Structures are given as C-alpha cells and as structure tokens.
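Okay, target_25.pdb is below, PDB, C-alpha atoms:
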ATOM      1  CA  MET O 493      -0.005 -30.604   4.302
ATOM      2  CA  LYS O 494       3.377 -31.771   5.576
ATOM      3  CA  LYS O 495       4.769 -28.231   5.379
ATOM      4  CA  PHE O 496       1.885 -27.006   7.519
ATOM      5  CA  GLN O 497       2.510 -29.736  10.086
ATOM      6  CA  LEU O 498       6.212 -28.883  10.160
ATOM      7  CA  ILE O 499       5.519 -25.175  10.662
ATOM      8  CA  LEU O 500       2.982 -25.982  13.387
ATOM      9  CA  ALA O 501       5.469 -28.258  15.158
ATOM     10  CA  LEU O 502       8.187 -25.588  15.014
ATOM     11  CA  CYS O 503       5.823 -22.965  16.393
ATOM     12  CA  MET O 504       4.792 -25.225  19.240
ATOM     13  CA  THR O 505       8.410 -25.844  20.238
ATOM     14  CA  CYS O 506       9.030 -22.085  20.504
ATOM     15  CA  LEU O 507       5.890 -21.462  22.543
ATOM     16  CA  PRO O 508       7.329 -22.377  25.984
ATOM     17  CA  ALA O 509      10.256 -19.999  25.440
ATOM     18  CA  PHE O 510       7.885 -17.078  24.818
ATOM     19  CA  ALA O 511       5.657 -17.989  27.750
ATOM     20  CA  GLN O 512       8.255 -16.868  30.300
ATOM     21  CA  GLN O 513       9.150 -13.573  28.651
ATOM     22  CA  GLY O 514       7.383 -10.356  29.520
ATOM     23  CA  VAL O 515       6.024 -11.481  32.881
ATOM     24  CA  ASP O 516       7.826  -8.697  34.740
ATOM     25  CA  MET O 517       6.432  -6.104  32.359
ATOM     26  CA  ALA O 518       2.876  -7.402  32.829
ATOM     27  CA  ASP O 519       3.255  -7.347  36.609
ATOM     28  CA  THR O 520       4.619  -3.803  36.500
ATOM     29  CA  MET O 521       1.800  -2.580  34.262
ATOM     30  CA  ARG O 522      -0.773  -4.309  36.444
ATOM     31  CA  SER O 523       0.635  -2.826  39.635
ATOM     32  CA  GLU O 524       0.698   0.693  38.175
ATOM     33  CA  GLY O 525      -2.804   0.363  36.727
ATOM     34  CA  LYS O 526      -1.619   0.852  33.147
ATOM     35  CA  ILE O 527      -2.928  -2.547  32.100
ATOM     36  CA  TYR O 528      -6.438  -1.079  32.043
ATOM     37  CA  VAL O 529      -5.279   1.510  29.513
ATOM     38  CA  VAL O 530      -3.899  -1.257  27.308
ATOM     39  CA  VAL O 531      -7.116  -3.261  27.590
ATOM     40  CA  GLY O 532      -9.178  -0.154  26.847
ATOM     41  CA  VAL O 533      -7.163   0.702  23.744
ATOM     42  CA  MET O 534      -7.420  -2.878  22.527
ATOM     43  CA  ALA O 535     -11.188  -2.837  23.042
ATOM     44  CA  ILE O 536     -11.498   0.427  21.094
ATOM     45  CA  VAL O 537      -9.397  -0.900  18.216
ATOM     46  CA  PHE O 538     -11.384  -4.142  18.131
ATOM     47  CA  THR O 539     -14.670  -2.216  18.112
ATOM     48  CA  VAL O 540     -13.536   0.069  15.291
ATOM     49  CA  VAL O 541     -12.410  -2.882  13.174
ATOM     50  CA  LEU O 542     -15.684  -4.702  13.840
ATOM     51  CA  VAL O 543     -17.782  -1.664  12.868
ATOM     52  CA  TYR O 544     -15.694  -1.182   9.731
ATOM     53  CA  LEU O 545     -16.220  -4.811   8.702
ATOM     54  CA  VAL O 546     -19.979  -4.591   9.271
ATOM     55  CA  LEU O 547     -20.237  -1.407   7.193
ATOM     56  CA  LEU O 548     -18.082  -2.929   4.466
ATOM     57  CA  ASP O 549     -20.291  -6.028   4.408
ATOM     58  CA  ARG O 550     -23.393  -3.860   3.963
ATOM     59  CA  LYS O 551     -21.791  -1.946   1.094
ATOM     60  CA  ILE O 552     -20.771  -5.144  -0.643
ATOM     61  CA  GLY O 553     -24.267  -6.554  -0.161
ATOM     62  CA  ARG O 554     -25.800  -3.429  -1.740
ATOM     63  CA  LEU O 555     -23.412  -3.651  -4.682
ATOM     64  CA  GLU O 556     -24.183  -7.346  -5.168
ATOM     65  CA  ARG O 557     -27.934  -6.643  -5.177
ATOM     66  CA  LYS O 558     -27.451  -3.776  -7.648
ATOM     67  CA  ILE O 559     -25.429  -5.995  -9.987
ATOM     68  CA  ARG O 560     -27.972  -8.803  -9.666
ATOM     69  CA  ASN O 561     -30.849  -6.412 -10.455
ATOM     70  CA  ARG O 562     -29.063  -5.006 -13.528
ATOM     71  CA  ALA O 563     -28.290  -8.500 -14.790
ATOM     72  CA  GLY O 564     -31.934  -9.553 -14.288
ATOM     73  CA  THR O 565     -33.411  -6.696 -16.315
TER
END

Before anything else, please render the file you have as structure tokens.
Amino acid sequence: MKKFQLILALCMTCLPAFAQQGVDMADTMRSEGKIYVVVGVMAIVFTVVLVYLVLLDRKIGRLERKIRNRAGT
C-alpha cells in the first residue's frame, strides 16, 4: 500500500509540469480544424474497442453456458 501511495505522490508532483506542455499544439490544431479529425479518430477507436468487448463477452457467456450444460448432464 505504501508503494502505491509513493507512486501516486510522484505522479501528482509531475502533473503540473505536463499541464503546460502541448498547449501551442492544441491551439494550432484547433485553429486549423484538425482537432475534429483527432476527436473523430478517437471516437472510432473507442467504438471499435467497445464493440469488440461486447462481442467477446457474448462469446465467453456462450462458452460458459456450454461448459455448465455439459457438466450438468
């Protein structure tokens, strides 16, 4: 638990340093309209991962039911 607290404290001390970096890049992308491309790509990736996880959950559920039915007979 103490290691986790130490890692968390170290991460929190670095956070303000990262907060100031990349602001110019974000402003440039926003002014050129490229930020919408980034957001769109992120939304597509998130959707694909979500669909994959749902399909994987269904497959695992089917396999669990099949195993349970075989064990019951």

Please determine an axis-aligned box that encloses all atoms of segment 549-561 of chain O listed in the file, with 8 Å added on each side, and express its centre and edge lengths in Å to one decimal as JSON.
{"center_x": -25.6, "center_y": -5.4, "center_z": -3.0, "size_x": 26.6, "size_y": 22.9, "size_z": 30.9}

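Here atom CA of Met521 of chain O is placed at a distance of 19.6 Å from atom CA of Val537 of chain O.
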
Å distance separating atom CA of Gly532 of chain O from atom CA of Cys503 of chain O, one decimal place: 29.2 Å

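Here atom CA of Asp519 of chain O is placed at a distance of 14.3 Å from atom CA of Val531 of chain O.
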